[in-house]
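Novice: Here you go, query-v2.pdb (PDB, C-alpha atoms, pLDDT in the B column):
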ATOM      1  CA  ASP B 142      10.763  -3.030 -35.862  1.00 56.00           C
ATOM      2  CA  GLY B 143      11.994  -1.583 -32.579  1.00 64.00           C
ATOM      3  CA  GLY B 144      10.551  -2.401 -29.200  1.00 93.00           C
ATOM      4  CA  ILE B 145      10.616  -4.486 -26.065  1.00 96.00           C
ATOM      5  CA  THR B 146       9.780  -8.171 -26.090  1.00 96.00           C
ATOM      6  CA  GLN B 147       8.938 -10.326 -23.102  1.00 97.00           C
ATOM      7  CA  SER B 148       8.652 -14.080 -23.082  1.00 94.00           C
ATOM      8  CA  PRO B 149       6.798 -16.165 -22.362  1.00 94.00           C
ATOM      9  CA  LYS B 150       3.401 -14.434 -22.290  1.00 95.00           C
ATOM     10  CA  TYR B 151       2.084 -16.960 -19.746  1.00 95.00           C
ATOM     11  CA  LEU B 152       4.184 -18.969 -17.301  1.00 94.00           C
ATOM     12  CA  PHE B 153       3.174 -21.579 -14.775  1.00 92.00           C
ATOM     13  CA  ARG B 154       5.403 -22.565 -11.895  1.00 89.00           C
ATOM     14  CA  LYS B 155       5.196 -25.205  -9.259  1.00 89.00           C
ATOM     15  CA  GLU B 156       5.975 -24.203  -5.705  1.00 87.00           C
ATOM     16  CA  GLY B 157       9.695 -24.474  -4.947  1.00 87.00           C
ATOM     17  CA  GLN B 158      10.815 -23.890  -8.533  1.00 90.00           C
ATOM     18  CA  ASN B 159      12.857 -20.993  -9.857  1.00 93.00           C
ATOM     19  CA  VAL B 160      11.699 -19.472 -13.134  1.00 94.00           C
ATOM     20  CA  THR B 161      13.310 -16.891 -15.422  1.00 96.00           C
ATOM     21  CA  LEU B 162      11.389 -14.239 -17.334  1.00 97.00           C
ATOM     22  CA  SER B 163      12.985 -12.876 -20.469  1.00 97.00           C
ATOM     23  CA  CYS B 164      13.152  -9.188 -21.471  1.00 98.00           C
ATOM     24  CA  GLU B 165      14.881  -8.003 -24.636  1.00 97.00           C
ATOM     25  CA  GLN B 166      14.993  -4.525 -26.187  1.00 97.00           C
ATOM     26  CA  ASN B 167      16.398  -3.282 -29.489  1.00 96.00           C
ATOM     27  CA  LEU B 168      15.885   0.410 -28.735  1.00 94.00           C
ATOM     28  CA  ASN B 169      19.505   0.919 -27.662  1.00 94.00           C
ATOM     29  CA  HIS B 170      18.309   2.163 -24.279  1.00 93.00           C
ATOM     30  CA  ASP B 171      20.750   2.244 -21.388  1.00 92.00           C
ATOM     31  CA  ALA B 172      18.251   1.786 -18.558  1.00 93.00           C
ATOM     32  CA  MET B 173      15.968  -1.194 -17.977  1.00 96.00           C
ATOM     33  CA  TYR B 174      13.397  -1.915 -15.264  1.00 96.00           C
ATOM     34  CA  TRP B 175      11.290  -4.753 -13.869  1.00 97.00           C
ATOM     35  CA  TYR B 176       7.886  -4.122 -12.278  1.00 97.00           C
ATOM     36  CA  ARG B 177       5.297  -6.305 -10.658  1.00 97.00           C
ATOM     37  CA  GLN B 178       1.562  -5.577 -10.946  1.00 96.00           C
ATOM     38  CA  ASP B 179      -1.104  -7.149  -8.759  1.00 94.00           C
ATOM     39  CA  PRO B 180      -4.878  -6.785  -9.352  1.00 86.00           C
ATOM     40  CA  GLY B 181      -6.096  -3.324  -8.412  1.00 78.00           C
ATOM     41  CA  GLN B 182      -2.553  -2.179  -7.662  1.00 80.00           C
ATOM     42  CA  GLY B 183      -0.163   0.152  -9.333  1.00 83.00           C
ATOM     43  CA  LEU B 184       3.192  -1.047 -10.565  1.00 93.00           C
ATOM     44  CA  ARG B 185       5.900  -1.750  -8.002  1.00 94.00           C
ATOM     45  CA  LEU B 186       9.586  -1.644  -8.918  1.00 94.00           C
ATOM     46  CA  ILE B 187      11.561  -4.869  -8.412  1.00 97.00           C
ATOM     47  CA  TYR B 188      14.996  -4.103  -9.914  1.00 97.00           C
ATOM     48  CA  TYR B 189      16.507  -1.598 -12.298  1.00 95.00           C
ATOM     49  CA  SER B 190      19.734  -1.240 -14.248  1.00 95.00           C
ATOM     50  CA  GLN B 191      21.248   1.856 -15.791  1.00 92.00           C
ATOM     51  CA  ILE B 192      24.338   0.280 -17.343  1.00 92.00           C
ATOM     52  CA  VAL B 193      25.614  -3.147 -18.249  1.00 94.00           C
ATOM     53  CA  ASN B 194      26.878  -5.242 -15.335  1.00 95.00           C
ATOM     54  CA  ASP B 195      25.234  -2.971 -12.774  1.00 95.00           C
ATOM     55  CA  PHE B 196      21.777  -3.080 -11.201  1.00 96.00           C
ATOM     56  CA  GLN B 197      19.996  -1.850  -8.084  1.00 95.00           C
ATOM     57  CA  LYS B 198      17.184  -3.157  -5.914  1.00 96.00           C
ATOM     58  CA  GLY B 199      13.818  -1.519  -6.174  1.00 93.00           C
ATOM     59  CA  ASP B 200      11.069  -1.457  -3.583  1.00 91.00           C
ATOM     60  CA  ILE B 201      10.269  -5.197  -3.565  1.00 95.00           C
ATOM     61  CA  ALA B 202      13.470  -7.057  -4.535  1.00 96.00           C
ATOM     62  CA  GLU B 203      13.238  -9.881  -1.989  1.00 96.00           C
ATOM     63  CA  GLY B 204      12.878 -13.268  -3.698  1.00 96.00           C
ATOM     64  CA  TYR B 205      13.990 -11.964  -7.091  1.00 97.00           C
ATOM     65  CA  SER B 206      17.341 -11.768  -8.902  1.00 97.00           C
ATOM     66  CA  VAL B 207      18.496 -10.173 -12.157  1.00 98.00           C
ATOM     67  CA  SER B 208      21.516  -9.941 -14.434  1.00 97.00           C
ATOM     68  CA  ARG B 209      22.592  -7.389 -17.045  1.00 97.00           C
ATOM     69  CA  GLU B 210      25.343  -8.964 -19.105  1.00 97.00           C
ATOM     70  CA  LYS B 211      24.222  -7.320 -22.338  1.00 96.00           C
ATOM     71  CA  LYS B 212      22.682  -3.924 -23.007  1.00 96.00           C
ATOM     72  CA  GLU B 213      19.751  -5.540 -24.806  1.00 97.00           C
ATOM     73  CA  SER B 214      18.804  -8.092 -22.170  1.00 98.00           C
ATOM     74  CA  PHE B 215      17.611  -7.913 -18.558  1.00 98.00           C
ATOM     75  CA  PRO B 216      16.260 -11.311 -17.393  1.00 98.00           C
ATOM     76  CA  LEU B 217      14.406 -11.647 -14.104  1.00 98.00           C
ATOM     77  CA  THR B 218      14.559 -14.818 -12.012  1.00 97.00           C
ATOM     78  CA  VAL B 219      11.749 -15.465  -9.569  1.00 95.00           C
ATOM     79  CA  THR B 220      13.199 -17.709  -6.894  1.00 94.00           C
ATOM     80  CA  SER B 221      11.512 -20.111  -4.515  1.00 88.00           C
ATOM     81  CA  ALA B 222      12.129 -17.533  -1.780  1.00 88.00           C
ATOM     82  CA  GLN B 223       9.410 -15.310  -3.273  1.00 88.00           C
ATOM     83  CA  LYS B 224       6.381 -16.356  -1.236  1.00 87.00           C
ATOM     84  CA  ASN B 225       3.646 -14.880  -3.402  1.00 90.00           C
ATOM     85  CA  PRO B 226       4.938 -14.746  -6.975  1.00 93.00           C
ATOM     86  CA  THR B 227       1.628 -14.942  -8.845  1.00 95.00           C
ATOM     87  CA  ALA B 228       1.393 -11.583 -10.635  1.00 96.00           C
ATOM     88  CA  PHE B 229       1.768  -9.740 -13.934  1.00 97.00           C
ATOM     89  CA  TYR B 230       5.400  -8.798 -14.617  1.00 97.00           C
ATOM     90  CA  LEU B 231       6.319  -5.842 -16.808  1.00 97.00           C
ATOM     91  CA  CYS B 232       9.706  -4.915 -18.210  1.00 97.00           C
ATOM     92  CA  ALA B 233      10.547  -1.387 -19.348  1.00 96.00           C
ATOM     93  CA  SER B 234      13.447   0.565 -20.775  1.00 95.00           C
ATOM     94  CA  SER B 235      14.306   4.241 -21.023  1.00 91.00           C
ATOM     95  CA  PRO B 236      16.802   6.218 -23.108  1.00 88.00           C
ATOM     96  CA  LEU B 237      17.628   9.177 -20.903  1.00 80.00           C
ATOM     97  CA  PRO B 238      17.470   8.292 -17.214  1.00 79.00           C
ATOM     98  CA  GLY B 239      17.814  11.242 -14.888  1.00 76.00           C
ATOM     99  CA  THR B 240      16.457  13.806 -17.344  1.00 77.00           C
ATOM    100  CA  VAL B 241      13.131  15.641 -17.261  1.00 75.00           C
ATOM    101  CA  THR B 242      12.193  14.293 -20.689  1.00 77.00           C
ATOM    102  CA  ASP B 243      12.840  10.650 -19.923  1.00 81.00           C
ATOM    103  CA  THR B 244       9.979   8.211 -20.342  1.00 87.00           C
ATOM    104  CA  GLN B 245       9.795   4.463 -20.021  1.00 91.00           C
ATOM    105  CA  TYR B 246       8.736   2.109 -22.787  1.00 93.00           C
ATOM    106  CA  PHE B 247       6.985  -1.051 -21.662  1.00 95.00           C
ATOM    107  CA  GLY B 248       6.898  -4.594 -22.942  1.00 96.00           C
ATOM    108  CA  PRO B 249       3.666  -6.629 -23.241  1.00 96.00           C
ATOM    109  CA  GLY B 250       4.144  -8.402 -19.916  1.00 96.00           C
ATOM    110  CA  THR B 251       4.398 -11.962 -18.590  1.00 97.00           C
ATOM    111  CA  ARG B 252       1.664 -13.426 -16.419  1.00 96.00           C
ATOM    112  CA  LEU B 253       3.150 -15.822 -13.867  1.00 96.00           C
ATOM    113  CA  THR B 254       0.919 -18.266 -12.021  1.00 94.00           C
ATOM    114  CA  VAL B 255       2.066 -20.540  -9.210  1.00 90.00           C
ATOM    115  CA  LEU B 256       0.259 -23.871  -9.172  1.00 85.00           C
TER     116      LEU B 256
ATOM    117  CA  LYS Y  62       8.617   8.582   0.456  1.00 86.00           C
ATOM    118  CA  GLN Y  63       6.671   9.587  -2.633  1.00 92.00           C
ATOM    119  CA  GLU Y  64       3.058   8.427  -2.758  1.00 94.00           C
ATOM    120  CA  VAL Y  65       0.712   8.795  -5.717  1.00 96.00           C
ATOM    121  CA  THR Y  66      -3.049   8.632  -5.295  1.00 97.00           C
ATOM    122  CA  GLN Y  67      -5.739   8.263  -7.931  1.00 97.00           C
ATOM    123  CA  ILE Y  68      -9.390   8.519  -6.928  1.00 94.00           C
ATOM    124  CA  PRO Y  69     -11.853   7.063  -7.792  1.00 94.00           C
ATOM    125  CA  ALA Y  70     -10.607   3.580  -8.682  1.00 94.00           C
ATOM    126  CA  ALA Y  71     -13.271   3.176 -11.369  1.00 96.00           C
ATOM    127  CA  LEU Y  72     -15.423   5.467 -13.464  1.00 96.00           C
ATOM    128  CA  SER Y  73     -18.258   4.800 -15.921  1.00 97.00           C
ATOM    129  CA  VAL Y  74     -19.500   7.509 -18.281  1.00 96.00           C
ATOM    130  CA  PRO Y  75     -21.729   7.681 -21.380  1.00 97.00           C
ATOM    131  CA  GLU Y  76     -20.117   8.186 -24.761  1.00 97.00           C
ATOM    132  CA  GLY Y  77     -19.480  11.802 -25.708  1.00 97.00           C
ATOM    133  CA  GLU Y  78     -18.961  13.074 -22.183  1.00 97.00           C
ATOM    134  CA  ASN Y  79     -15.951  15.213 -21.307  1.00 97.00           C
ATOM    135  CA  LEU Y  80     -14.204  13.869 -18.244  1.00 96.00           C
ATOM    136  CA  VAL Y  81     -11.388  14.593 -15.837  1.00 97.00           C
ATOM    137  CA  LEU Y  82      -9.151  12.051 -14.127  1.00 97.00           C
ATOM    138  CA  ASN Y  83      -7.313  13.196 -11.027  1.00 97.00           C
ATOM    139  CA  CYS Y  84      -3.893  12.358  -9.614  1.00 98.00           C
ATOM    140  CA  SER Y  85      -2.173  13.634  -6.484  1.00 98.00           C
ATOM    141  CA  PHE Y  86       1.374  13.152  -5.195  1.00 97.00           C
ATOM    142  CA  THR Y  87       3.014  13.909  -1.863  1.00 96.00           C
ATOM    143  CA  ASP Y  88       6.527  15.099  -2.795  1.00 93.00           C
ATOM    144  CA  SER Y  89       6.653  18.076  -5.153  1.00 92.00           C
ATOM    145  CA  ALA Y  90      10.354  17.518  -6.009  1.00 91.00           C
ATOM    146  CA  ILE Y  91       9.591  15.675  -9.234  1.00 92.00           C
ATOM    147  CA  TYR Y  92      11.403  15.501 -12.567  1.00 90.00           C
ATOM    148  CA  ASN Y  93       8.236  14.879 -14.526  1.00 92.00           C
ATOM    149  CA  LEU Y  94       4.759  13.399 -14.374  1.00 95.00           C
ATOM    150  CA  GLN Y  95       3.387  10.937 -16.877  1.00 95.00           C
ATOM    151  CA  TRP Y  96      -0.001   9.519 -17.757  1.00 97.00           C
ATOM    152  CA  PHE Y  97      -0.104   5.965 -19.101  1.00 97.00           C
ATOM    153  CA  ARG Y  98      -2.869   3.853 -20.583  1.00 97.00           C
ATOM    154  CA  GLN Y  99      -3.156   0.120 -19.960  1.00 96.00           C
ATOM    155  CA  ASP Y 100      -5.571  -2.184 -21.765  1.00 96.00           C
ATOM    156  CA  PRO Y 101      -6.534  -5.445 -19.993  1.00 92.00           C
ATOM    157  CA  GLY Y 102      -3.649  -7.923 -19.928  1.00 91.00           C
ATOM    158  CA  LYS Y 103      -1.340  -5.576 -21.842  1.00 93.00           C
ATOM    159  CA  GLY Y 104       1.664  -3.395 -21.178  1.00 94.00           C
ATOM    160  CA  LEU Y 105       1.592   0.357 -20.609  1.00 95.00           C
ATOM    161  CA  THR Y 106       1.522   3.020 -23.297  1.00 95.00           C
ATOM    162  CA  SER Y 107       2.698   6.535 -22.500  1.00 94.00           C
ATOM    163  CA  LEU Y 108       0.048   9.156 -23.274  1.00 97.00           C
ATOM    164  CA  LEU Y 109       1.531  12.412 -22.055  1.00 96.00           C
ATOM    165  CA  LEU Y 110       4.639  13.560 -20.199  1.00 94.00           C
ATOM    166  CA  ILE Y 111       4.756  16.895 -18.364  1.00 95.00           C
ATOM    167  CA  GLN Y 112       8.172  18.149 -17.329  1.00 92.00           C
ATOM    168  CA  SER Y 113       8.452  19.682 -13.868  1.00 91.00           C
ATOM    169  CA  SER Y 114       8.745  23.188 -15.366  1.00 93.00           C
ATOM    170  CA  GLN Y 115       5.663  22.799 -17.569  1.00 94.00           C
ATOM    171  CA  ARG Y 116       2.004  23.400 -16.751  1.00 96.00           C
ATOM    172  CA  GLU Y 117       0.273  21.257 -19.365  1.00 96.00           C
ATOM    173  CA  GLN Y 118       0.612  19.047 -22.417  1.00 96.00           C
ATOM    174  CA  THR Y 119      -1.892  18.209 -25.131  1.00 97.00           C
ATOM    175  CA  SER Y 120      -2.243  15.328 -27.545  1.00 96.00           C
ATOM    176  CA  GLY Y 121      -5.389  15.101 -29.637  1.00 97.00           C
ATOM    177  CA  ARG Y 122      -8.401  14.829 -27.324  1.00 97.00           C
ATOM    178  CA  LEU Y 123      -6.166  14.530 -24.265  1.00 98.00           C
ATOM    179  CA  ASN Y 124      -4.914  17.380 -22.106  1.00 98.00           C
ATOM    180  CA  ALA Y 125      -2.858  16.921 -18.956  1.00 97.00           C
ATOM    181  CA  SER Y 126      -2.121  19.650 -16.444  1.00 97.00           C
ATOM    182  CA  LEU Y 127       0.378  19.833 -13.613  1.00 97.00           C
ATOM    183  CA  ASP Y 128       0.298  21.937 -10.453  1.00 96.00           C
ATOM    184  CA  LYS Y 129       3.544  20.930  -8.802  1.00 94.00           C
ATOM    185  CA  SER Y 130       3.186  23.156  -5.750  1.00 93.00           C
ATOM    186  CA  SER Y 131      -0.116  21.569  -4.782  1.00 95.00           C
ATOM    187  CA  GLY Y 132       0.918  18.071  -5.856  1.00 96.00           C
ATOM    188  CA  ARG Y 133      -1.878  17.596  -8.378  1.00 97.00           C
ATOM    189  CA  SER Y 134      -2.361  16.627 -11.999  1.00 98.00           C
ATOM    190  CA  THR Y 135      -5.448  16.144 -14.111  1.00 98.00           C
ATOM    191  CA  LEU Y 136      -6.007  14.270 -17.357  1.00 98.00           C
ATOM    192  CA  TYR Y 137      -8.838  15.758 -19.401  1.00 98.00           C
ATOM    193  CA  ILE Y 138     -10.444  13.556 -22.062  1.00 98.00           C
ATOM    194  CA  ALA Y 139     -12.704  15.371 -24.492  1.00 98.00           C
ATOM    195  CA  ALA Y 140     -15.677  13.746 -26.205  1.00 97.00           C
ATOM    196  CA  SER Y 141     -15.057  10.299 -24.734  1.00 97.00           C
ATOM    197  CA  GLN Y 142     -15.423   7.211 -26.939  1.00 97.00           C
ATOM    198  CA  PRO Y 143     -15.872   3.502 -26.127  1.00 97.00           C
ATOM    199  CA  GLY Y 144     -12.309   2.982 -27.389  1.00 97.00           C
ATOM    200  CA  ASP Y 145     -11.091   5.118 -24.491  1.00 98.00           C
ATOM    201  CA  SER Y 146     -12.124   2.356 -22.078  1.00 98.00           C
ATOM    202  CA  ALA Y 147      -8.946   1.296 -20.278  1.00 97.00           C
ATOM    203  CA  THR Y 148      -7.014   1.832 -17.060  1.00 96.00           C
ATOM    204  CA  TYR Y 149      -5.229   5.161 -16.776  1.00 97.00           C
ATOM    205  CA  LEU Y 150      -2.160   5.306 -14.565  1.00 97.00           C
ATOM    206  CA  CYS Y 151      -0.402   8.388 -13.268  1.00 97.00           C
ATOM    207  CA  ALA Y 152       3.310   8.182 -12.398  1.00 96.00           C
ATOM    208  CA  VAL Y 153       5.964  10.608 -11.178  1.00 95.00           C
ATOM    209  CA  THR Y 154       9.748  10.540 -11.490  1.00 91.00           C
ATOM    210  CA  THR Y 155      11.550  11.731  -8.388  1.00 83.00           C
ATOM    211  CA  GLY Y 156      15.180  10.742  -8.830  1.00 75.00           C
ATOM    212  CA  ALA Y 157      18.184  10.828 -11.126  1.00 68.00           C
ATOM    213  CA  ASN Y 158      17.643   7.148 -11.830  1.00 72.00           C
ATOM    214  CA  SER Y 159      14.217   7.815 -13.406  1.00 75.00           C
ATOM    215  CA  LYS Y 160      12.442   5.640 -10.887  1.00 84.00           C
ATOM    216  CA  LEU Y 161       8.705   5.897 -11.439  1.00 91.00           C
ATOM    217  CA  THR Y 162       6.195   5.880  -8.596  1.00 93.00           C
ATOM    218  CA  PHE Y 163       2.770   4.818  -9.828  1.00 95.00           C
ATOM    219  CA  GLY Y 164      -0.751   5.396  -8.623  1.00 96.00           C
ATOM    220  CA  LYS Y 165      -3.109   2.426  -8.596  1.00 96.00           C
ATOM    221  CA  GLY Y 166      -4.902   3.636 -11.692  1.00 96.00           C
ATOM    222  CA  ILE Y 167      -8.430   4.578 -12.681  1.00 96.00           C
ATOM    223  CA  THR Y 168     -10.403   2.042 -14.709  1.00 96.00           C
ATOM    224  CA  LEU Y 169     -12.555   3.948 -17.176  1.00 97.00           C
ATOM    225  CA  SER Y 170     -15.557   2.487 -18.943  1.00 97.00           C
ATOM    226  CA  VAL Y 171     -17.220   4.526 -21.699  1.00 97.00           C
ATOM    227  CA  ARG Y 172     -20.722   3.238 -22.441  1.00 96.00           C
ATOM    228  CA  PRO Y 173     -21.978   3.421 -26.077  1.00 95.00           C
TER     229      PRO Y 173
END
Could you spell out this file's structure in structure tokens?
Specialist:
Amino acid sequence: DGGITQSPKYLFRKEGQNVTLSCEQNLNHDAMYWYRQDPGQGLRLIYYSQIVNDFQKGDIAEGYSVSREKKESFPLTVTSAQKNPTAFYLCASSPLPGTVTDTQYFGPGTRLTVL
Amino acid sequence: KQEVTQIPAALSVPEGENLVLNCSFTDSAIYNLQWFRQDPGKGLTSLLLIQSSQREQTSGRLNASLDKSSGRSTLYIAASQPGDSATYLCAVTTGANSKLTFGKGITLSVRP
């Protein structure tokens, strides 16, 4: 059963804590992405990675960090430097980045709430 | 910088109506345009992808068109059903890294 899994589904964080969101894919896709979605907003790109051990900042990378040690995994850490982290976080992957036929496949999301 | 606009933000229609959702973008140098569906609290599902050289794509009751020169796309939903109620997001790819730029989405409600 191929797809993208994100865990946990819900996450609660106290102010000042770092938390890590998990994203795993078994689609053998090279590229992976992290987005943030706020109510009434479109998705905004946080980080993306096209190959293992390489990643680039997206439009709103401040306060976030990522790693890509394995092709299947792209965890996102929300650090205490992120001032407004409460949001819905979506992970995606794509098989053919840079081509006109490329599309992104999305996971079910993690809802992070800061208490 | 690419910007994608979807207006209105919400739409309510009676069941059975044919409807059109609009999307506009500012930079016509796109690789492709995609329409996604998002149910409340869920991830996104790709509905249709139109390559930059194509004019339209169809899947079942859905038809999407692309006018790249004018920076516009429409998603046509025929014979709408309550199960079509969801948020529909338009996104364009404008780089070799497949970065997507999203609109804010249109929340559709189909009344029985």
Novice: What residues in chain Y have any atom no more than 6 Å from chain B when counting all atoms listed in the file, and can you write them as a ChimeraX atom specification?
Specialist: /Y:92-93,103-105,112,157-159,163-165
Novice: Could you list, as a PyMOL selection string, every residue matched by the PyMOL selection byres ((chain Y and resi 153) around 8) in this structure?
Specialist: chain Y and resi 65+86+91-95+151-152+154-155+161-163
Novice: Please, what distance in Å, to one decimal, runs between CA of Leu123 in chain Y and CA of Ile145 in chain B?
Specialist: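 Going from CA of Leu123 in chain Y over to CA of Ile145 in chain B, I get 25.4 Å.
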Novice: Identify the residues around (0.6, 20.3, -14.7) within a radius of 9 Å, measuring from only C-alpha atoms in the coordinates stated by the file, and give them as a VMD selection string.
Specialist: chain Y and resid 94 111 to 118 125 to 129 133 to 135
Novice: Would you write out, as a list in words, every residue that the PyMOL selection byres ((chain B and resi 197) around 12) captures in this file?
Specialist: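 Checking the PyMOL selection byres ((chain B and resi 197) around 12) against this file, the residues are Ala172, Met173, Tyr174, Trp175, Leu186, Ile187, Tyr188, Tyr189, Ser190, Gln191, Ile192, Val193, Asn194, Asp195, Phe196, Lys198, Gly199, Asp200, Ile201, Ala202, Tyr205, Ser206, Val207, Ser208 and Arg209 of chain B; Asn158 and Lys160 of chain Y.
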Novice: Using only C-alpha atoms, determine which residues lie at most 9 Å from Phe97 in chain Y, disregarding the query and same-chain residues fewer than 5 positions distant; provide the list as a PyMOL selection string.
Specialist: chain Y and resi 105-109+148-152
Novice: Can you give me, as a VMD selection string, the residues this file yields under the PyMOL selection byres ((chain Y and resi 69) around 9)?
Specialist: chain Y and resid 67 to 68 70 to 72 82 to 83 166 to 168
Novice: Filtering to C-alpha atoms, could you give me those residues as a PDB file, keeping the file's coordinate frame?
Specialist:
ATOM      1  CA  GLN Y  67      -5.739   8.263  -7.931  1.00 97.00           C
ATOM      2  CA  ILE Y  68      -9.390   8.519  -6.928  1.00 94.00           C
ATOM      3  CA  ALA Y  70     -10.607   3.580  -8.682  1.00 94.00           C
ATOM      4  CA  ALA Y  71     -13.271   3.176 -11.369  1.00 96.00           C
ATOM      5  CA  LEU Y  72     -15.423   5.467 -13.464  1.00 96.00           C
ATOM      6  CA  LEU Y  82      -9.151  12.051 -14.127  1.00 97.00           C
ATOM      7  CA  ASN Y  83      -7.313  13.196 -11.027  1.00 97.00           C
ATOM      8  CA  GLY Y 166      -4.902   3.636 -11.692  1.00 96.00           C
ATOM      9  CA  ILE Y 167      -8.430   4.578 -12.681  1.00 96.00           C
ATOM     10  CA  THR Y 168     -10.403   2.042 -14.709  1.00 96.00           C
TER      11      THR Y 168
END
Novice: Rank nothing, just name the residue among B:Ser163, B:Ser234, B:Asn225, B:Thr218 nearest to Gly144 in chain B, using all atoms listed in the file.
Specialist: B:Ser234
Novice: Could you please determine the separation between CA of Leu169 in chain Y and CA of Pro149 in chain B in Å, to one decimal place?
Specialist: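 Atom-to-atom, CA of Leu169 in chain Y to CA of Pro149 in chain B, that is 28.4 Å.
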Novice: Please indicate the distance in Å from CA of Gln223 in chain B to CA of Gly102 in chain Y, rounded to one decimal place.
Specialist: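 Result for CA of Gln223 in chain B versus CA of Gly102 in chain Y: 22.4 Å, one decimal.
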Novice: Give the answer as one residue: which of Y:Ser170, Y:Asn79, Y:Asn124, Y:Ser73 has the shortest atom-to-atom distance to Gly144 in chain Y, using only C-alpha atoms?
Specialist: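 Smallest separation from Gly144 in chain Y among the options: Y:Ser170.
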